[in-house]
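Here's structure-v1.txt, which has compact mmCIF, C-alpha atoms and all ligand atoms:
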```txt
# COMPACT_ATOMS: atom_id res chain seq x y z
CA MET R 82 -107.37 119.26 60.68
CA LYS R 83 -107.98 122.93 61.49
CA THR R 84 -110.27 125.42 59.80
CA LEU R 85 -110.10 129.20 59.73
CA ARG R 86 -113.02 131.29 58.50
CA VAL R 87 -112.10 134.41 56.52
CA ASN R 88 -114.74 137.15 56.65
CA ILE R 89 -114.09 139.81 54.07
CA PRO R 90 -117.13 142.01 53.37
CA GLY R 91 -119.00 140.22 50.59
CA TYR R 92 -116.78 137.13 50.74
CA GLU R 93 -116.53 134.39 53.29
CA TYR R 94 -114.38 131.33 52.89
CA ASP R 95 -112.52 128.67 54.80
CA ILE R 96 -108.83 127.96 55.01
CA VAL R 97 -108.59 124.23 55.75
CA ILE R 98 -105.23 123.08 57.13
CA GLY R 99 -104.19 119.50 57.75
CA LYS R 100 -102.09 116.50 56.83
CA GLY R 101 -103.41 114.57 53.84
CA VAL R 102 -106.26 116.98 53.05
CA LEU R 103 -105.38 116.79 49.33
CA HIS R 104 -107.39 113.57 49.28
CA HIS R 105 -110.42 115.61 50.24
CA ALA R 106 -110.22 118.32 47.58
CA ALA R 107 -113.83 117.60 46.56
CA ASP R 108 -115.22 118.10 50.09
CA TYR R 109 -115.75 121.80 49.34
CA PHE R 110 -118.59 120.80 47.00
CA GLU R 111 -120.42 118.73 49.61
CA ASN R 112 -123.98 120.03 50.03
CA LYS R 113 -123.40 122.52 47.19
CA LYS R 114 -124.43 122.59 43.56
CA LYS R 115 -121.74 120.59 41.73
CA PRO R 116 -119.96 122.27 38.82
CA ALA R 117 -120.14 120.35 35.54
CA LYS R 118 -116.47 120.99 34.84
CA ILE R 119 -113.32 121.71 36.81
CA LEU R 120 -110.10 122.94 35.24
CA LEU R 121 -107.16 121.85 37.41
CA VAL R 122 -104.04 123.94 36.82
CA THR R 123 -100.65 122.78 38.08
CA ASP R 124 -96.99 122.66 37.03
CA GLU R 125 -94.49 120.08 35.89
CA ASN R 126 -92.87 119.73 39.33
CA VAL R 127 -96.10 119.37 41.27
CA ALA R 128 -98.12 117.29 38.79
CA PRO R 129 -96.18 114.01 39.20
CA LEU R 130 -96.42 114.29 42.98
CA TYR R 131 -99.98 115.40 43.68
CA ALA R 132 -102.13 115.88 40.57
CA GLU R 133 -103.48 112.32 40.52
CA THR R 134 -104.65 112.53 44.15
CA VAL R 135 -106.46 115.80 43.55
CA GLU R 136 -107.91 114.63 40.20
CA LYS R 137 -109.22 111.48 41.85
CA SER R 138 -111.03 113.44 44.52
CA LEU R 139 -112.42 116.10 42.16
CA SER R 140 -113.56 113.47 39.64
CA SER R 141 -116.07 112.26 42.20
CA VAL R 142 -118.05 115.48 41.70
CA SER R 143 -117.24 116.71 38.21
CA GLN R 144 -115.51 116.25 34.88
CA VAL R 145 -111.88 117.30 35.38
CA LYS R 146 -109.35 118.56 32.85
CA THR R 147 -105.78 119.02 34.04
CA VAL R 148 -103.42 121.58 32.54
CA VAL R 149 -99.74 121.15 33.40
CA LEU R 150 -97.63 124.27 32.87
CA PRO R 151 -93.84 124.65 33.05
CA ALA R 152 -92.53 125.33 36.55
CA GLY R 153 -90.96 128.74 37.28
CA GLU R 154 -91.64 132.45 37.37
CA THR R 155 -91.70 132.85 33.57
CA THR R 156 -94.99 130.93 33.54
CA LYS R 157 -96.67 133.89 35.31
CA SER R 158 -97.04 135.59 31.96
CA MET R 159 -99.50 136.77 29.34
CA ASP R 160 -98.54 133.76 27.17
CA TYR R 161 -99.58 131.19 29.75
CA LEU R 162 -102.63 133.22 30.70
CA LYS R 163 -103.74 132.97 27.07
CA ARG R 164 -102.99 129.24 27.13
CA LEU R 165 -105.37 128.90 30.11
CA TYR R 166 -108.17 130.80 28.33
CA ASP R 167 -107.71 128.55 25.30
CA GLU R 168 -107.82 125.41 27.47
CA ALA R 169 -110.95 126.66 29.28
CA PHE R 170 -112.85 127.49 26.07
CA ASP R 171 -111.78 124.19 24.43
CA PHE R 172 -113.14 122.46 27.52
CA GLY R 173 -116.44 124.37 27.15
CA MET R 174 -116.42 125.99 30.56
CA THR R 175 -119.35 128.10 31.78
CA ARG R 176 -119.67 130.56 34.65
CA SER R 177 -120.87 127.89 37.05
CA ASP R 178 -117.72 125.82 36.52
CA PHE R 179 -114.64 125.90 38.73
CA VAL R 180 -110.90 126.33 38.55
CA VAL R 181 -108.45 124.71 40.96
CA ALA R 182 -104.86 125.97 41.43
CA LEU R 183 -102.49 123.26 42.66
CA GLY R 184 -98.93 124.49 43.23
CA GLY R 185 -96.83 127.33 44.58
CA GLY R 186 -97.14 131.09 44.25
CA VAL R 187 -96.67 131.20 40.48
CA ILE R 188 -99.52 128.77 39.80
CA GLY R 189 -101.71 130.39 42.47
CA ASP R 190 -101.20 133.96 41.24
CA LEU R 191 -101.59 133.12 37.53
CA THR R 192 -104.57 130.82 38.02
CA GLY R 193 -106.21 133.28 40.40
CA PHE R 194 -105.94 136.05 37.82
CA PHE R 195 -107.22 133.72 35.11
CA ALA R 196 -110.22 132.67 37.25
CA SER R 197 -111.03 136.29 38.11
CA THR R 198 -111.30 137.23 34.44
CA LEU R 199 -112.62 134.05 32.80
CA LEU R 200 -116.27 134.77 31.89
CA ARG R 201 -116.02 137.74 34.32
CA GLY R 202 -115.12 135.44 37.18
CA VAL R 203 -115.48 131.75 38.02
CA GLY R 204 -114.97 130.11 41.40
CA ILE R 205 -111.45 129.08 42.36
CA LEU R 206 -110.07 126.73 44.99
CA GLN R 207 -106.48 127.36 45.97
CA ILE R 208 -104.41 124.31 46.92
CA PRO R 209 -100.96 125.71 47.77
CA THR R 210 -98.08 123.23 47.97
CA THR R 211 -95.13 125.41 49.07
CA LEU R 212 -94.59 126.99 52.47
CA LEU R 213 -94.52 130.47 50.91
CA SER R 214 -97.87 129.98 49.21
CA GLN R 215 -99.43 128.25 52.22
CA VAL R 216 -98.65 131.07 54.64
CA ASP R 217 -98.90 134.01 52.28
CA SER R 218 -99.78 134.12 48.60
CA SER R 219 -102.76 131.72 48.52
CA VAL R 220 -104.58 133.66 51.24
CA GLY R 221 -106.09 137.10 50.78
CA GLY R 222 -107.01 137.17 47.12
CA LYS R 223 -104.11 138.94 45.45
CA THR R 224 -103.69 137.61 41.91
CA ALA R 225 -101.23 138.74 39.26
CA ILE R 226 -99.09 138.07 36.25
CA ASP R 227 -95.74 139.62 35.38
CA VAL R 228 -95.33 141.86 32.34
CA PRO R 229 -92.13 143.11 30.68
CA GLN R 230 -92.44 146.34 32.71
CA GLY R 231 -92.31 144.51 36.02
CA LYS R 232 -93.52 141.75 38.31
CA ASN R 233 -97.15 141.56 39.47
CA LEU R 234 -98.11 144.69 37.55
CA VAL R 235 -101.31 143.20 36.10
CA GLY R 236 -103.68 141.62 38.58
CA THR R 237 -106.87 141.67 40.62
CA PHE R 238 -108.13 141.23 44.14
CA TYR R 239 -110.23 138.07 43.85
CA GLN R 240 -110.98 135.91 46.86
CA PRO R 241 -110.93 132.12 46.47
CA LYS R 242 -113.89 129.96 47.50
CA GLN R 243 -111.58 127.91 49.70
CA VAL R 244 -107.89 127.48 50.50
CA LEU R 245 -106.93 123.85 51.11
CA ILE R 246 -103.53 123.45 52.76
CA ASP R 247 -102.00 119.98 52.96
CA THR R 248 -98.90 120.36 55.13
CA ASP R 249 -97.64 116.93 53.97
CA THR R 250 -96.75 118.54 50.63
CA LEU R 251 -94.00 120.49 52.39
CA ASN R 252 -92.01 117.27 52.76
CA SER R 253 -91.20 117.34 49.04
CA LEU R 254 -89.67 120.83 49.10
CA SER R 255 -85.90 121.37 48.85
CA ASP R 256 -84.30 123.09 51.86
CA LYS R 257 -83.91 126.23 49.75
CA GLU R 258 -87.66 126.37 49.05
CA PHE R 259 -88.62 125.37 52.59
CA PHE R 260 -86.46 127.94 54.33
CA GLY R 261 -87.29 130.53 51.69
CA GLY R 262 -90.93 130.11 52.75
CA LEU R 263 -89.90 130.22 56.38
CA ALA R 264 -88.71 133.80 55.85
CA GLU R 265 -92.38 134.79 55.56
CA VAL R 266 -93.13 132.87 58.76
CA ILE R 267 -90.36 134.80 60.53
CA LYS R 268 -91.88 137.99 59.10
CA TYR R 269 -95.20 137.25 60.84
CA GLY R 270 -93.25 136.74 64.06
CA VAL R 271 -91.54 140.12 63.74
CA ILE R 272 -94.58 142.18 62.73
CA TRP R 273 -97.25 140.51 64.86
CA ASP R 274 -96.44 137.48 67.01
CA LYS R 275 -93.54 137.43 69.47
CA ASN R 276 -94.36 133.85 70.58
CA LEU R 277 -94.03 132.57 67.02
CA PHE R 278 -90.64 134.28 66.65
CA GLU R 279 -89.39 132.92 69.98
CA MET R 280 -90.59 129.44 69.16
CA LEU R 281 -88.53 129.51 65.96
CA GLU R 282 -85.55 130.88 67.87
CA LYS R 283 -85.72 127.92 70.27
CA ALA R 284 -86.18 125.21 67.62
CA PRO R 285 -85.09 126.30 64.14
CA ALA R 286 -84.32 122.87 62.61
CA ARG R 287 -86.57 121.76 59.75
CA LYS R 288 -87.64 118.64 61.69
CA ASP R 289 -88.62 120.76 64.73
CA ILE R 290 -90.61 123.10 62.51
CA MET R 291 -92.30 120.19 60.72
CA ALA R 292 -93.23 118.66 64.08
CA ARG R 293 -95.52 121.66 64.69
CA ILE R 294 -96.17 122.74 61.13
CA GLU R 295 -99.96 122.68 61.29
CA ASP R 296 -99.93 125.13 64.21
CA ILE R 297 -97.33 127.33 62.51
CA VAL R 298 -99.24 127.51 59.22
CA TYR R 299 -102.49 128.11 61.12
CA THR R 300 -100.91 130.95 63.13
CA CYS R 301 -99.57 132.64 59.99
CA CYS R 302 -102.85 132.27 58.08
CA ASP R 303 -104.73 133.61 61.07
CA ILE R 304 -102.54 136.73 61.16
CA LYS R 305 -103.01 137.22 57.43
CA ARG R 306 -106.76 136.68 57.86
CA GLN R 307 -106.95 139.44 60.47
CA VAL R 308 -104.96 141.80 58.28
CA VAL R 309 -106.90 141.25 55.04
CA GLU R 310 -110.25 141.33 56.82
CA GLN R 311 -109.40 144.89 57.82
CA ASP R 312 -107.76 145.95 54.59
CA GLU R 313 -108.52 143.73 51.61
CA HIS R 314 -107.30 146.22 49.03
CA ASP R 315 -103.90 147.01 50.51
CA THR R 316 -104.42 150.68 51.25
CA GLY R 317 -103.43 150.62 54.92
CA LEU R 318 -102.80 147.83 57.41
CA ARG R 319 -102.09 145.19 54.74
CA MET R 320 -98.89 147.04 53.88
CA ILE R 321 -97.29 145.62 57.05
CA LEU R 322 -97.09 142.30 55.21
CA ASN R 323 -94.41 143.99 53.12
CA PHE R 324 -91.98 144.15 56.05
CA GLY R 325 -88.53 143.39 54.61
CA HIS R 326 -89.90 143.43 51.08
CA THR R 327 -88.63 146.84 49.93
CA ALA R 328 -84.98 145.97 50.59
CA GLY R 329 -85.79 142.40 49.49
CA HIS R 330 -87.04 143.76 46.20
CA ILE R 331 -83.75 145.63 45.70
CA VAL R 332 -81.93 142.30 46.12
CA GLU R 333 -84.24 140.45 43.74
CA LYS R 334 -83.85 143.12 41.08
CA ALA R 335 -80.08 143.43 41.56
CA TYR R 336 -79.72 139.68 41.01
CA ASP R 337 -82.21 139.65 38.14
CA TYR R 338 -84.72 137.52 40.10
CA THR R 339 -82.45 134.49 39.74
CA GLY R 340 -79.68 134.86 42.34
CA TYR R 341 -81.85 134.58 45.44
CA VAL R 342 -85.33 133.14 45.94
CA HIS R 343 -87.96 135.62 47.19
CA GLY R 344 -87.73 134.44 50.81
CA GLU R 345 -83.95 134.73 50.90
CA ALA R 346 -84.18 138.31 49.64
CA VAL R 347 -86.94 139.12 52.15
CA ALA R 348 -84.96 137.57 55.02
CA PHE R 349 -82.03 139.87 54.42
CA GLY R 350 -84.48 142.70 53.73
CA MET R 351 -85.87 142.25 57.25
CA VAL R 352 -82.40 142.69 58.72
CA VAL R 353 -81.96 145.90 56.69
CA ALA R 354 -85.40 147.18 57.77
CA ALA R 355 -84.64 146.44 61.41
CA ARG R 356 -81.27 148.22 61.20
CA MET R 357 -83.01 151.21 59.63
CA GLY R 358 -85.61 151.23 62.38
CA GLU R 359 -82.90 151.13 65.01
CA LYS R 360 -81.10 154.02 63.33
CA MET R 361 -84.34 156.02 63.31
CA GLY R 362 -84.95 155.28 66.99
CA ILE R 363 -88.16 153.35 66.22
CA THR R 364 -86.91 149.78 66.66
CA VAL R 365 -85.70 148.48 70.02
CA PRO R 366 -81.88 148.17 69.81
CA GLY R 367 -80.72 144.59 69.30
CA THR R 368 -83.75 143.62 67.19
CA ALA R 369 -81.77 143.52 63.92
CA ASP R 370 -79.15 141.23 65.49
CA ARG R 371 -81.89 138.96 66.80
CA ILE R 372 -83.52 138.68 63.36
CA ARG R 373 -80.10 138.16 61.79
CA ALA R 374 -79.27 135.36 64.23
CA LEU R 375 -82.53 133.57 63.49
CA ILE R 376 -82.24 133.83 59.73
CA SER R 377 -78.66 132.62 59.98
CA ASN R 378 -79.80 129.61 62.03
CA VAL R 379 -82.28 128.66 59.32
CA SER R 380 -79.66 128.90 56.55
CA LEU R 381 -81.00 132.15 55.09
CA PRO R 382 -78.48 134.71 53.83
CA THR R 383 -77.31 137.38 56.28
CA ASP R 384 -75.17 139.44 53.91
CA ILE R 385 -76.06 140.22 50.32
CA PRO R 386 -73.88 142.75 48.54
CA VAL R 387 -75.47 145.04 45.93
CA GLU R 388 -74.12 147.94 43.87
CA GLU R 389 -74.85 151.46 45.10
CA GLU R 390 -76.86 152.24 41.97
CA GLN R 391 -79.20 149.36 42.78
CA LEU R 392 -79.96 150.96 46.14
CA LEU R 393 -80.80 154.21 44.42
CA GLY R 394 -83.00 152.45 41.87
CA VAL R 395 -85.64 152.04 44.57
CA ALA R 396 -87.06 155.40 43.53
CA LEU R 397 -88.57 153.52 40.60
CA ASP R 398 -90.09 150.83 42.81
CA LYS R 399 -93.86 150.58 42.48
CA LYS R 400 -94.18 151.04 46.25
CA ALA R 401 -92.74 154.53 45.99
CA SER R 402 -95.53 157.06 45.74
CA GLY R 403 -94.41 160.54 44.67
CA SER R 404 -91.27 161.48 46.51
CA SER R 405 -92.13 159.50 49.63
CA ILE R 406 -92.06 155.82 50.40
CA SER R 407 -93.96 153.85 53.03
CA VAL R 408 -91.58 151.65 54.96
CA ILE R 409 -92.62 149.09 57.50
CA LEU R 410 -90.50 149.23 60.62
CA ALA R 411 -90.48 146.88 63.58
CA GLU R 412 -91.00 148.54 66.95
CA GLU R 413 -89.86 145.39 68.69
CA ILE R 414 -90.29 141.68 67.94
CA GLY R 415 -94.06 141.23 67.62
CA SER R 416 -95.10 144.72 66.57
CA CYS R 417 -94.49 147.12 63.73
CA LYS R 418 -95.63 150.35 62.18
CA THR R 419 -95.67 152.09 58.80
CA VAL R 420 -93.61 155.23 58.40
CA LYS R 421 -93.60 157.52 55.38
CA ILE R 422 -90.21 158.94 54.52
CA PRO R 423 -88.73 160.73 51.50
CA VAL R 424 -87.33 158.27 48.97
CA SER R 425 -83.96 160.05 49.10
CA GLU R 426 -83.79 159.52 52.87
CA PHE R 427 -84.71 155.87 52.43
CA CYS R 428 -81.93 155.38 49.89
CA GLU R 429 -79.35 157.13 52.11
CA MET R 430 -80.36 155.02 55.08
CA CYS R 431 -80.23 151.83 53.06
CA LYS R 432 -76.70 152.70 52.01
CA ALA R 433 -75.72 153.37 55.61
CA VAL R 434 -77.05 150.13 57.07
CA TRP R 435 -76.85 147.64 54.18
CA ASN R 436 -73.40 146.30 55.06
CA ALA R 437 -73.44 147.17 58.78
N1 LIG R 501 -98.19 139.12 50.14
C1 LIG R 501 -98.65 140.30 50.70
C2 LIG R 501 -100.13 140.49 50.63
O1 LIG R 501 -100.85 139.56 50.35
O2 LIG R 501 -100.60 141.56 50.84
```

Could you take the file, read its structure, and then write that structure out as C-alpha cells?
Amino acid sequence: MKTLRVNIPGYEYDIVIGKGVLHHAADYFENKKKPAKILLVTDENVAPLYAETVEKSLSSVSQVKTVVLPAGETTKSMDYLKRLYDEAFDFGMTRSDFVVALGGGVIGDLTGFFASTLLRGVGILQIPTTLLSQVDSSVGGKTAIDVPQGKNLVGTFYQPKQVLIDTDTLNSLSDKEFFGGLAEVIKYGVIWDKNLFEMLEKAPARKDIMARIEDIVYTCCDIKRQVVEQDEHDTGLRMILNFGHTAGHIVEKAYDYTGYVHGEAVAFGMVVAARMGEKMGITVPGTADRIRALISNVSLPTDIPVEEEQLLGVALDKKASGSSISVILAEEIGSCKTVKIPVSEFCEMCKAVWNA
C-alpha cells in the first residue's frame, strides 16, 4: 500500500493506493470523530461487485445507506442530483455526516458536486473503481454535472477528505474501459514523465501494465498532485492536464458522446496535438508518430474521421476564450507548454493535420 499526501492551501488529504484497500474503507475514520450516518453512492455495474465490501467496512463506524444509480453518463444530471438530495434528507443527514462515492468518473463527479452543496458541504471519500477515475477525475476536487447546454457546465472545486484507490477493481474492467483510462496515463507520460511513457512503450500489454499498476497509478496521482497543489482552480498550470482534450472534445461531440469513450477520443486528440506542435515548430519531430505507435499498441484508435464543420465548431468550445484558445503542446515526450493562438488558426491547423 502506498500513500500520497495532497497539500492544497486549506485542504490536506491522502490518496491511498493498494490492492484490496476497499476492505479498509472505514480506516479513514480511525482516531477521528465518527459520523452518525454515511450515504454510499454507487451505480448498477459497480454495486454487485464492490458495494457489500465497502458497506461492511463502513458499517463498523456508522449507519450506512446505499444508493444505487443507473450506470452511464446520463446519470450525471440534475435529475439524479435531486434524487441524492432526497435520499440524504430522507436519511436525516446532518453536516457532520459523510458521503462516499464508489464508482467511475460519473459517480465521482456527481457525488462530489452533491457533497459540496448538501448542507453547504459535507465530507466526501472518493473510492474510484475505473482507471480513468483512479488516475484523474477522483483526484483534485473537480466536481460537476452535465446540463442540456453542455457537459460539466455546473460544478464546484471541492476537495475530498480521502481518495481510496483499490487497484484490484481494475480487473473487472472491459478492455475498452481499461485502455480508455490508459489514454490518461499516456497523457501524463507525454506532458510530464518520459520514463512512464517509455515504460509503456516497452510493455504495453494489459498484463504487463497490471503487473506494475500500483506504481503506475501512484506516478499519475503524484503528477496530478503536484499540478493541483500549484493551481487548484485551473487558471494556469492545471490546463496542461487537458493535453489532447481539445481535439478529443471535437471527436466526442462529433460522435454525440457515444461513438468513442473519453479516453479513445483523448488518445487520438494527443496525436492531433502533437502533429500541430510539430507543424508549429514547438514539438520535436517524430513525437506524434511515437504517440500514435503507442496508442495503436494499446488498441486505442489512431484515425477518427470527422466532418469539417465539426472542426470549426470548436469556436463554441468552453475552453475558447474570446477569439483565442489555449492549446497544450508537447515540447518533447515528458514536457509540454501552453500556447495561446487565435481560434481560427487552431481550426485551420486541425484541418491540416487531422488526417495526416
Ligand atoms: N481532469 C483534468 C483536471 O482535473 O484538471

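If you measure from each of R:Ala292, R:Leu130, R:Ile409, R:Ile188 to Leu254 in chain R using all atoms listed in the file, the closest one turns out to be R:Leu130.
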
Find the residues near Phe195 in chain R: any atom within 8 Å, counting only C-alpha atoms, skip ones fewer than 3 places away on the same chain, and give them as a count of residues only.
7

Within 7 Å of Pro382 in chain R, counting all atoms listed in the file, which residues show up once you throw out same-chain ones fewer than 2 positions away? Write them as a PyMOL selection string, please.
chain R and resi 345+349+377+380+384-385

What is the CA of Leu121 in chain R-CA of Pro90 in chain R distance in Å, reported with one decimal?
27.6 Å

May I have the residues within 9 Å of range 307-321 of chain R as a PyMOL selection string, using only C-alpha atoms and disregarding those fewer than 4 positions away in the same chain?
chain R and resi 87-90+220-223+238+272+302-303+407-410+417-419

Quick one: everything within 10 Å of Val342 in chain R, counting all atoms listed in the file, minus sequence neighbours fewer than 4 positions away in the same chain. Send it as a PyMOL selection string.
chain R and resi 257-258+260-262+329+332-333+336+338+346-347

Counting all atoms listed in the file, what is within 12 Å of range 108-119 of chain R, bar same-chain residues fewer than 6 positions away, as JSON, numbers by chain?
{"R": [94, 95, 96, 97, 102, 135, 136, 138, 139, 140, 141, 142, 143, 144, 145, 146, 147, 148, 168, 169, 170, 171, 172, 173, 174, 175, 176, 177, 178, 179, 180, 181, 182, 196, 203, 204, 205, 206, 207, 208, 241, 242, 243, 244, 245]}

Taking all atoms listed in the file into account, which of R:Thr237, R:Thr156, R:Ser214, R:Thr248 comes nearest Ile98 in chain R?
R:Thr248

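Among the candidate residues R:Lys157, R:Lys268, R:His105, R:Arg201, the one lying nearest to Ile376 in chain R is R:Lys268, with distances computed using all atoms listed in the file.
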
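Counting all atoms listed in the file and comparing R:Ala355, R:Met291, R:Ile267, R:Ala284, the residue that lies closest to Leu322 in chain R is R:Ile267.
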
Hey, can you check how far CA of Thr134 in chain R sits from CA of Leu85 in chain R?
23.5 Å

From the set R:Ala437, R:Leu120, R:Ala225, R:Ala348, which residue has the shortest atom-to-atom contact distance to Asn323 in chain R, counting all atoms listed in the file?
R:Ala348

Restricting the calculation to only C-alpha atoms, which member of R:Ser158, R:Thr210, R:Ser255, R:Thr300 is positioned closest to Gly236 in chain R?
R:Ser158

May I ask for the distance between CA of Ala128 in chain R and CA of Asp249 in chain R, given in Å to one decimal place?
15.2 Å

Counting only C-alpha atoms, find the residues whose atoms lie at most 12 Å from (-97.2, 140.6, 31.3) (file coordinates) and write them out as a PyMOL selection string.
chain R and resi 154-163+191+194+225-236

Report as lines of an AutoDock Vina configuration file the centre and the edge lengths, in Å to one decimal, of the axis-aligned box holding every listed atom of ligand LIG 501 (chain R), padded by 3 Å on each side.
```
center_x = -99.5
center_y = 140.3
center_z = 50.5
size_x = 8.7
size_y = 8.4
size_z = 6.7
```

In file coordinates, which residues lie within 8 Å of (-101.0, 121.5, 60.0) using all atoms listed in the file, given as a ChimeraX atom specification?
/R:82-83,98-100,246-248,293-299
